[in-house]
>>> print(open('protein_39.txt').read())   # compact mmCIF, C-alpha atoms
# COMPACT_ATOMS: atom_id res chain seq x y z
CA MET A 942 -8.02 25.95 26.19
CA VAL A 943 -4.44 27.05 26.81
CA GLU A 944 -3.32 30.16 24.97
CA MET A 945 0.30 30.35 23.87
CA ALA A 946 2.04 33.66 24.58
CA PRO A 947 5.19 33.89 22.43
CA ASP A 948 7.61 36.66 23.24
CA ARG A 949 8.30 39.40 20.74
CA ARG A 950 11.40 37.77 19.26
CA TYR A 951 9.61 34.41 18.84
CA ARG A 952 6.65 36.13 17.28
CA ARG A 953 8.86 38.02 14.79
CA THR A 954 10.70 34.81 13.86
CA CYS A 955 7.43 32.92 13.40
CA LEU A 956 5.95 35.63 11.23
CA ALA A 957 9.02 35.60 9.00
CA THR A 958 8.92 31.82 8.74
CA LEU A 959 5.20 31.92 8.06
CA ALA A 960 5.73 34.34 5.18
CA LEU A 961 8.29 31.95 3.76
CA GLY A 962 5.89 29.05 4.22
CA ILE A 963 3.14 30.88 2.35
CA ALA A 964 5.61 31.68 -0.41
CA LEU A 965 6.43 28.00 -0.66
CA PHE A 966 2.73 27.25 -0.85
CA ALA A 967 2.43 29.22 -4.06
CA SER A 968 5.96 29.15 -5.48
CA ALA A 969 6.23 28.29 -9.16
CA CYS A 970 2.51 27.57 -9.28
CA THR A 971 -0.27 28.79 -11.50
CA GLY A 972 -2.79 27.86 -8.83
CA PRO A 973 -2.94 27.31 -5.07
CA ILE A 974 -1.10 24.57 -3.28
CA LEU A 975 -3.87 23.73 -0.85
CA ALA A 976 -6.31 21.94 -3.07
CA ARG A 977 -8.23 18.81 -3.74
CA PRO A 978 -7.19 16.82 -6.88
CA VAL A 979 -4.14 18.18 -8.70
CA ALA A 980 -2.61 18.49 -12.15
CA PRO A 981 1.10 18.09 -13.03
CA THR A 982 3.41 19.69 -10.48
CA PRO A 983 5.96 22.32 -11.58
CA SER A 984 9.40 22.57 -10.04
CA VAL A 985 9.69 24.20 -6.62
CA PRO A 986 12.77 25.91 -5.20
CA SER A 987 14.80 23.83 -2.73
CA PRO A 988 14.04 22.72 -0.10
CA ALA A 989 10.79 21.39 -1.58
CA ALA A 990 10.38 17.88 -0.28
CA THR A 991 10.40 15.79 2.85
CA PRO A 992 12.40 12.56 3.17
CA THR A 993 11.20 9.83 0.84
CA PRO A 994 8.15 8.16 2.38
CA PRO A 995 7.25 4.47 2.06
CA ASP A 996 6.04 3.35 -1.33
CA ASP A 997 2.50 4.41 -2.19
CA PRO A 998 -0.20 3.37 -2.03
CA ARG A 999 -0.51 1.80 1.39
CA PRO A 1000 -3.81 0.65 2.92
CA ILE A 1001 -5.62 3.32 4.92
CA VAL A 1002 -5.89 2.21 8.53
CA LEU A 1003 -8.19 4.09 10.92
CA PRO A 1004 -7.94 5.67 13.42
CA ARG A 1005 -4.19 5.80 12.68
CA ASP A 1006 -4.70 7.69 9.43
CA ASP A 1007 -7.12 10.15 11.02
CA GLY A 1008 -3.96 11.75 12.42
CA PRO A 1009 -1.28 13.90 10.73
CA HIS A 1010 1.20 12.53 8.19
CA HIS A 1011 4.70 13.61 7.18
CA ARG A 1012 3.63 14.52 3.66
CA LEU A 1013 3.88 17.71 1.63
CA THR A 1014 0.20 18.62 1.88
CA GLU A 1015 -2.68 17.62 4.15
CA TRP A 1016 -6.06 18.91 5.32
CA TRP A 1017 -8.98 18.12 7.61
CA TYR A 1018 -12.08 19.65 6.03
CA TYR A 1019 -15.64 19.98 7.36
CA THR A 1020 -18.73 21.39 5.70
CA GLY A 1021 -22.19 21.06 7.15
CA HIS A 1022 -25.79 22.12 7.57
CA LEU A 1023 -27.27 23.23 10.90
CA THR A 1024 -30.76 24.06 12.20
CA ASP A 1025 -31.18 26.16 15.34
CA GLN A 1026 -33.88 26.02 18.02
CA ASP A 1027 -35.88 28.76 16.26
CA GLY A 1028 -35.89 26.97 12.90
CA GLY A 1029 -33.13 29.05 11.32
CA THR A 1030 -30.77 27.21 8.98
CA TRP A 1031 -27.02 27.65 8.61
CA GLY A 1032 -24.14 26.32 6.56
CA PHE A 1033 -20.62 26.07 7.93
CA GLU A 1034 -17.10 25.33 6.73
CA TYR A 1035 -14.12 24.66 8.98
CA VAL A 1036 -10.74 23.49 7.66
CA ILE A 1037 -7.16 23.13 8.84
CA PHE A 1038 -4.37 22.82 6.27
CA ARG A 1039 -0.87 21.45 6.93
CA ALA A 1040 2.16 21.97 4.66
CA GLU A 1041 5.59 20.38 5.16
CA ARG A 1042 8.55 21.64 3.14
CA GLY A 1043 11.96 20.15 3.82
CA SER A 1044 13.79 21.68 6.77
CA PHE A 1045 11.35 24.57 7.19
CA PRO A 1046 8.94 24.45 10.14
CA VAL A 1047 5.56 22.95 9.37
CA SER A 1048 3.10 25.62 8.18
CA TRP A 1049 -0.59 25.66 9.07
CA ALA A 1050 -3.61 27.61 7.86
CA SER A 1051 -7.27 27.51 8.88
CA HIS A 1052 -10.53 28.90 7.48
CA ILE A 1053 -13.99 29.18 9.06
CA ALA A 1054 -17.12 30.30 7.22
CA ILE A 1055 -20.74 30.69 8.32
CA THR A 1056 -23.71 31.04 5.97
CA ASP A 1057 -26.93 32.38 7.49
CA GLU A 1058 -29.35 30.81 5.03
CA THR A 1059 -32.34 32.45 6.69
CA LYS A 1060 -31.04 36.01 6.43
CA GLY A 1061 -28.96 35.43 3.29
CA THR A 1062 -25.61 36.54 4.75
CA PHE A 1063 -22.10 35.08 4.75
CA THR A 1064 -19.01 35.70 6.87
CA TYR A 1065 -15.62 34.02 7.15
CA ALA A 1066 -12.31 34.19 9.00
CA GLN A 1067 -8.80 32.89 8.41
CA ARG A 1068 -5.56 32.47 10.27
CA SER A 1069 -2.16 30.85 9.89
CA THR A 1070 0.83 29.87 11.99
CA VAL A 1071 3.97 27.74 11.90
CA GLY A 1072 5.49 25.16 14.17
CA SER A 1073 4.93 21.82 15.81
CA HIS A 1074 2.87 23.29 18.68
CA VAL A 1075 -0.30 23.01 16.56
CA ASP A 1076 -0.16 19.21 16.51
CA ARG A 1077 -1.16 17.74 19.88
CA SER A 1078 -2.40 14.47 18.38
CA PRO A 1079 -2.36 11.39 20.64
CA ARG A 1080 0.03 8.61 19.69
CA GLY A 1081 0.24 4.92 20.43
CA PRO A 1082 3.19 2.94 21.79
CA ASP A 1083 4.63 2.66 18.27
CA GLY A 1084 4.63 6.46 17.88
CA GLU A 1085 1.88 6.39 15.25
CA PRO A 1086 -1.05 8.82 15.70
CA ILE A 1087 -4.37 7.42 16.89
CA GLY A 1088 -6.43 10.42 15.87
CA PHE A 1089 -5.92 14.17 15.53
CA ASP A 1090 -5.78 17.02 18.02
CA LEU A 1091 -4.98 20.33 16.31
CA ASN A 1092 -4.83 23.77 17.89
CA VAL A 1093 -4.26 26.74 15.55
CA VAL A 1094 -3.25 29.88 17.42
CA ASP A 1095 -2.85 32.92 15.17
CA ILE A 1096 0.43 34.61 16.10
CA GLY A 1097 -0.26 37.51 13.75
CA ALA A 1098 -3.75 38.62 14.77
CA ALA A 1099 -5.18 40.52 17.70
CA PRO A 1100 -7.00 38.38 20.28
CA ALA A 1101 -10.74 37.89 19.88
CA ALA A 1102 -12.95 40.00 22.09
CA SER A 1103 -13.19 37.18 24.62
CA GLY A 1104 -9.44 36.62 24.69
CA VAL A 1105 -9.86 33.06 23.34
CA ARG A 1106 -7.60 32.55 20.36
CA ALA A 1107 -7.50 28.80 19.82
CA TRP A 1108 -9.19 27.09 16.89
CA THR A 1109 -9.26 23.39 17.67
CA MET A 1110 -10.15 20.12 15.95
CA THR A 1111 -10.03 16.76 17.68
CA GLY A 1112 -11.22 13.38 16.53
CA ALA A 1113 -10.69 9.69 15.91
CA GLY A 1114 -12.83 6.96 14.41
CA GLY A 1115 -15.80 9.20 13.66
CA ARG A 1116 -16.05 10.98 17.04
CA ASP A 1117 -14.95 14.58 16.49
CA ARG A 1118 -15.08 17.96 18.23
CA LEU A 1119 -14.80 21.40 16.61
CA ALA A 1120 -14.32 24.55 18.67
CA ALA A 1121 -13.37 28.04 17.51
CA ARG A 1122 -14.06 31.71 18.08
CA ALA A 1123 -13.58 34.25 15.31
CA GLY A 1124 -13.31 37.80 16.63
CA LEU A 1125 -13.98 41.16 15.08
CA ALA A 1126 -10.49 41.56 13.63
CA GLU A 1127 -10.67 38.23 11.81
CA LEU A 1128 -14.14 38.24 10.26
CA THR A 1129 -14.85 39.28 6.68
CA PRO A 1130 -16.92 41.32 6.23
CA SER A 1131 -16.16 42.74 9.65
CA GLY A 1132 -18.99 43.70 11.93
CA PRO A 1133 -19.93 44.13 15.59
CA ILE A 1134 -20.06 40.37 16.26
CA ASP A 1135 -18.07 37.35 17.27
CA VAL A 1136 -18.77 33.93 15.79
CA VAL A 1137 -18.30 30.82 17.93
CA LEU A 1138 -18.52 27.17 16.91
CA ASP A 1139 -18.62 24.42 19.54
CA LEU A 1140 -19.79 21.23 17.87
CA GLU A 1141 -19.76 17.49 18.55
CA LEU A 1142 -19.82 15.18 15.51
CA THR A 1143 -20.43 11.44 15.42
CA THR A 1144 -21.06 8.73 12.84
CA ASN A 1145 -21.45 4.97 12.84
CA ARG A 1146 -20.84 4.68 9.10
CA PRO A 1147 -17.49 3.42 7.87
CA ALA A 1148 -15.25 5.93 6.16
CA ALA A 1149 -15.78 6.21 2.40
CA LEU A 1150 -12.50 5.46 0.57
CA HIS A 1151 -12.51 7.32 -2.74
CA ASP A 1152 -11.51 5.60 -5.98
CA GLN A 1153 -12.17 2.28 -4.19
CA ASP A 1154 -9.04 2.11 -2.02
CA GLY A 1155 -8.65 5.73 -0.90
CA TRP A 1156 -5.72 6.46 -3.24
CA ILE A 1157 -6.02 9.01 -6.06
CA SER A 1158 -3.15 8.92 -8.55
CA PHE A 1159 -2.19 12.16 -10.28
CA GLY A 1160 0.47 10.58 -12.47
CA PRO A 1161 3.64 12.74 -12.59
CA ALA A 1162 2.06 15.10 -10.02
CA GLY A 1163 2.17 12.43 -7.33
CA GLY A 1164 -0.89 11.18 -5.53
CA SER A 1165 -3.21 11.67 -2.61
CA TYR A 1166 -4.87 9.57 0.04
CA TYR A 1167 -8.50 10.59 0.35
CA TYR A 1168 -11.38 9.40 2.48
CA SER A 1169 -14.57 11.02 3.75
CA ARG A 1170 -17.08 10.61 6.53
CA THR A 1171 -19.97 11.82 4.46
CA ARG A 1172 -22.77 12.06 7.02
CA MET A 1173 -21.83 12.94 10.58
CA ASP A 1174 -24.50 13.84 13.11
CA VAL A 1175 -23.84 17.28 14.62
CA SER A 1176 -25.03 18.93 17.82
CA GLY A 1177 -23.74 21.85 19.82
CA LEU A 1178 -23.58 25.62 20.01
CA LEU A 1179 -23.35 28.29 17.33
CA THR A 1180 -22.97 31.82 18.66
CA VAL A 1181 -23.42 34.77 16.31
CA GLY A 1182 -23.04 38.08 18.10
CA ASP A 1183 -25.26 37.96 21.18
CA ARG A 1184 -27.30 34.99 19.89
CA ASP A 1185 -26.48 31.63 21.47
CA LEU A 1186 -28.06 29.01 19.23
CA GLN A 1187 -28.44 25.34 20.05
CA VAL A 1188 -27.97 23.56 16.73
CA THR A 1189 -28.29 20.10 15.24
CA GLY A 1190 -27.56 18.89 11.73
CA ILE A 1191 -25.22 16.88 9.54
CA ALA A 1192 -21.64 17.44 8.39
CA TRP A 1193 -19.31 16.10 5.70
CA PHE A 1194 -15.68 15.44 6.65
CA ASP A 1195 -12.86 15.13 4.09
CA HIS A 1196 -9.32 14.10 5.02
CA GLN A 1197 -6.70 14.22 2.29
CA TRP A 1198 -2.89 13.99 2.34
CA GLY A 1199 -0.04 13.27 -0.02
CA ASP A 1200 3.07 14.47 -1.78
CA PHE A 1201 1.50 16.95 -4.14
CA ILE A 1202 2.02 20.69 -4.30
CA ALA A 1203 0.18 22.62 -6.98
CA VAL A 1204 -3.08 22.48 -8.85
CA GLY A 1205 -3.45 23.14 -12.54
CA GLY A 1206 -4.07 26.62 -13.83
CA GLY A 1207 -7.75 25.92 -14.42
CA GLY A 1208 -8.65 25.05 -10.84
CA TRP A 1209 -11.24 22.51 -9.76
CA ASP A 1210 -14.89 22.07 -8.75
CA TRP A 1211 -16.00 19.83 -5.84
CA PHE A 1212 -19.56 18.81 -5.00
CA ALA A 1213 -20.82 17.06 -1.85
CA VAL A 1214 -24.52 16.15 -1.53
CA ASN A 1215 -26.52 14.59 1.31
CA LEU A 1216 -29.85 13.28 0.00
CA ASP A 1217 -32.90 12.89 2.20
CA ASP A 1218 -33.05 9.15 1.45
CA GLY A 1219 -29.68 8.65 3.19
CA THR A 1220 -27.54 8.57 0.03
CA ASP A 1221 -24.44 10.75 -0.20
CA VAL A 1222 -22.79 11.80 -3.46
CA THR A 1223 -19.52 13.53 -4.28
CA VAL A 1224 -18.06 14.64 -7.61
CA SER A 1225 -14.66 16.26 -8.33
CA VAL A 1226 -13.62 17.92 -11.59
CA VAL A 1227 -10.08 19.23 -12.23
CA ARG A 1228 -9.29 21.56 -15.15
CA ASP A 1229 -6.08 22.41 -16.96
CA ALA A 1230 -4.80 25.91 -17.79
CA LEU A 1231 -7.17 26.05 -20.78
CA LYS A 1232 -10.12 25.25 -18.47
CA ARG A 1233 -10.50 21.78 -19.96
CA PRO A 1234 -11.46 18.95 -17.56
CA VAL A 1235 -8.52 16.58 -17.13
CA LEU A 1236 -9.77 14.50 -14.20
CA THR A 1237 -13.34 13.71 -13.15
CA TYR A 1238 -14.41 11.16 -10.57
CA GLY A 1239 -16.97 10.62 -7.84
CA SER A 1240 -18.37 8.35 -5.15
CA VAL A 1241 -21.86 7.28 -4.12
CA VAL A 1242 -22.37 6.23 -0.49
CA ASP A 1243 -25.54 4.30 0.33
CA ALA A 1244 -27.48 4.64 3.57
CA ASP A 1245 -25.84 1.44 4.86
CA GLY A 1246 -22.39 3.02 4.36
CA SER A 1247 -21.32 1.04 1.31
CA THR A 1248 -19.35 3.09 -1.23
CA ARG A 1249 -19.24 2.85 -5.02
CA HIS A 1250 -16.66 4.58 -7.20
CA VAL A 1251 -18.08 6.55 -10.14
CA PRO A 1252 -15.71 7.02 -13.11
CA GLY A 1253 -15.60 10.29 -14.98
CA ASP A 1254 -17.27 8.98 -18.11
CA ALA A 1255 -20.39 8.18 -16.06
CA ILE A 1256 -20.75 11.78 -14.82
CA THR A 1257 -22.28 14.73 -16.68
CA LEU A 1258 -21.93 18.12 -14.99
CA THR A 1259 -23.64 21.20 -16.39
CA ALA A 1260 -23.71 24.79 -15.11
CA THR A 1261 -27.36 25.87 -15.10
CA GLY A 1262 -27.90 29.05 -13.14
CA PRO A 1263 -26.89 32.62 -13.92
CA SER A 1264 -23.29 33.39 -13.02
CA TRP A 1265 -22.34 35.51 -10.01
CA THR A 1266 -19.52 38.10 -10.06
CA SER A 1267 -17.68 39.19 -6.93
CA GLU A 1268 -17.36 42.94 -6.43
CA ARG A 1269 -14.34 42.31 -4.19
CA THR A 1270 -12.17 40.16 -6.45
CA GLY A 1271 -13.80 40.44 -9.89
CA ALA A 1272 -14.11 36.65 -10.13
CA THR A 1273 -17.16 35.26 -11.93
CA TYR A 1274 -18.52 31.90 -10.75
CA PRO A 1275 -21.24 29.59 -12.03
CA SER A 1276 -24.17 29.65 -9.63
CA GLY A 1277 -26.25 26.53 -10.20
CA TRP A 1278 -25.50 23.03 -11.49
CA SER A 1279 -27.04 19.83 -12.80
CA ILE A 1280 -25.30 16.52 -12.07
CA PHE A 1281 -26.26 13.34 -13.93
CA ILE A 1282 -24.78 10.03 -12.75
CA ALA A 1283 -25.77 7.46 -15.32
CA PRO A 1284 -25.25 4.19 -13.38
CA GLU A 1285 -27.49 5.50 -10.58
CA ASP A 1286 -30.11 7.02 -12.89
CA LEU A 1287 -29.63 10.05 -10.66
CA VAL A 1288 -30.20 13.67 -11.67
CA LEU A 1289 -29.40 16.40 -9.13
CA GLU A 1290 -30.10 20.12 -9.35
CA LEU A 1291 -28.02 22.34 -7.02
CA THR A 1292 -28.86 25.96 -6.17
CA PRO A 1293 -26.78 28.15 -3.81
CA THR A 1294 -28.59 29.29 -0.68
CA VAL A 1295 -26.63 32.58 -0.88
CA ALA A 1296 -24.95 33.90 -4.03
CA ASP A 1297 -21.95 35.44 -2.24
CA GLN A 1298 -20.05 32.68 -0.43
CA GLU A 1299 -16.59 33.67 -1.67
CA LEU A 1300 -13.47 33.54 0.52
CA ASP A 1301 -10.41 35.64 -0.29
CA THR A 1302 -7.74 33.73 1.63
CA ARG A 1303 -4.69 35.05 -0.16
CA PRO A 1304 -3.15 36.17 3.17
CA THR A 1305 -3.07 32.56 4.45
CA THR A 1306 -3.09 30.16 1.48
CA GLY A 1307 -2.78 32.33 -1.62
CA VAL A 1308 -6.26 31.25 -2.78
CA VAL A 1309 -9.50 32.98 -3.75
CA TYR A 1310 -12.30 30.43 -3.81
CA TRP A 1311 -16.05 30.03 -3.49
CA GLU A 1312 -17.45 27.49 -1.03
CA GLY A 1313 -21.13 27.50 -0.29
CA SER A 1314 -24.20 25.67 0.91
CA GLN A 1315 -26.73 24.39 -1.61
CA ARG A 1316 -30.36 23.40 -1.89
CA VAL A 1317 -30.69 20.12 -3.77
CA SER A 1318 -33.56 18.56 -5.72
CA GLY A 1319 -33.75 15.94 -8.42
CA THR A 1320 -34.85 12.44 -9.35
CA ARG A 1321 -33.52 8.95 -8.82
CA GLY A 1322 -35.00 6.29 -11.06
CA GLY A 1323 -37.72 8.79 -11.89
CA VAL A 1324 -38.63 9.31 -8.21
CA GLN A 1325 -38.19 12.78 -6.71
CA VAL A 1326 -35.40 13.29 -4.19
CA GLY A 1327 -34.26 16.28 -2.14
CA GLY A 1328 -31.31 17.16 0.01
CA ARG A 1329 -28.56 19.58 0.91
CA GLY A 1330 -25.06 20.09 -0.41
CA TYR A 1331 -21.83 22.04 -0.54
CA VAL A 1332 -19.87 23.22 -3.58
CA GLU A 1333 -16.25 24.39 -3.79
CA LEU A 1334 -14.98 26.32 -6.81
CA THR A 1335 -11.40 27.42 -7.51
CA GLY A 1336 -9.55 28.84 -10.49
CA TYR A 1337 -12.19 31.45 -11.30
CA ALA A 1338 -10.19 34.39 -9.93
CA ASN A 1339 -7.08 33.68 -12.02
>>> encode(input="protein_39.txt", output="structure tokens")
Amino acid sequence: MVEMAPDRRYRRTCLATLALGIALFASACTGPILARPVAPTPSVPSPAATPTPPDDPRPIVLPRDDGPHHRLTEWWYYTGHLTDQDGGTWGFEYVIFRAERGSFPVSWASHIAITDETKGTFTYAQRSTVGSHVDRSPRGPDGEPIGFDLNVVDIGAAPAASGVRAWTMTGAGGRDRLAARAGLAELTPSGPIDVVLDLELTTNRPAALHDQDGWISFGPAGGSYYYSRTRMDVSGLLTVGDRDLQVTGIAWFDHQWGDFIAVGGGGWDWFAVNLDDGTDVTVSVVRDALKRPVLTYGSVVDADGSTRHVPGDAITLTATGPSWTSERTGATYPSGWSIFIAPEDLVLELTPTVADQELDTRPTTGVVYWEGSQRVSGTRGGVQVGGRGYVELTGYAN
């Protein structure tokens, strides 16, 4: 990996621009900009938009649309479940966000989180930067991307203990690579360790296009393209402190982009489940400022890769476990859920592997959220099923 070494003037300029970019992320909003489904968008100070793109929706074409887009908001989002050579189990999250606002340089933010399910601990790191240097994505003769190659170098943080500062994501067509090292200065809670991810991900399943064609309309708030690779095989290295762990497992990849800015004041909940029978399930719920659900939808992906859209009126979501309150932020989150999908005769019970999987990423995206690994049990057609999952919760710290 090549480390960029900006001079002092460049670094000062980038930090100032980054602060402006973060302000634009949250300007005039009651919730964070970097989000999954959104509610109506408030006005944003100029400049707040990119040139008018082609009419939406357009068909998603892969691997072209694996790459970056000139849209207001975009992210590449991985969550997954790993088992090491000693039988220990881990959850991980790794995401890169992209924000484009008029004539300002493109802003980027990235989060990494590791859940040690065996020891019951959780740690995360975050960083942000601005500029076109992050995007190294390959492009075809027509100038269109043919995948993504992203390299987030944190201009505002001290180097990791090893001197390696790059967080990278590369991929196209379901063949991806994740590599990152989070050093002592970046990890929360801090401790005498580094965390390193070096993972290869592959899948032969087609991408799951949500809401049937991969386009989610938010009405006056705009819209979002959204597809997932719901079950990617993972192998590679996880290093925690002085422990080098060979790991295997599965991961869920979300890619979403569009001309939307803010979420509603009530936040949203997102659920992703990999069942042991090869079925994958996702549910999203968006709430308004009064915490009322205003948009609910989901998808079921069969073992053969076929995808079915699930409308909101076919989904019943209930919080079941005792709530958990963060001593750091004061936010109180539900901590256990039941999901009933009527057309599938499917009942799922989700339980967090660790209660505290909260990320305070206000320095990079203005968001406090909870994202954590889950144990899953339930029934399908009266037959018991098991699995693993991830849950994301926002709007609980407002």
>>> closest_residue(input="protein_39.txt", among="A:Gly1061, A:Pro1000, A:Pro1252, A:Gly1207", to="A:Pro1284", atoms="all atoms listed in the file")
A:Pro1252
>>> closest_atom_pairs(input="protein_39.txt", of="stretch 1028-1103 of chain A", to="stretch 1164-1185 of chain A", cutoff="10 Å", atoms="all atoms listed in the file", output="Markdown table")
| residue | atom | partner | partner_atom | distance |
| --- | --- | --- | --- | --- |
| A:Trp1031 | CA | A:Leu1179 | CA | 9.5 |
| A:Ile1055 | CA | A:Val1181 | CA | 9.4 |
| A:Asp1057 | CA | A:Val1181 | CA | 9.8 |
>>> atom_distance(input="protein_39.txt", atom1="atom CA of A:Arg1042", atom2="atom CA of A:Val1071")
11.6 Å
>>> residues_around(input="protein_39.txt", residues="stretch 1229-1244 of chain A", least_positions_apart="4", cutoff="6 Å", atoms="all atoms listed in the file", output="number ranges by chain")
A: 1205-1207, 1219-1225, 1248-1253
>>> atom_distance(input="protein_39.txt", atom1="atom CA of A:Phe1063", atom2="atom CA of A:Gln1298")
6.1 Å
>>> atom_distance(input="protein_39.txt", atom1="atom CA of A:Ser1048", atom2="atom CA of A:Gly1199")
15.2 Å
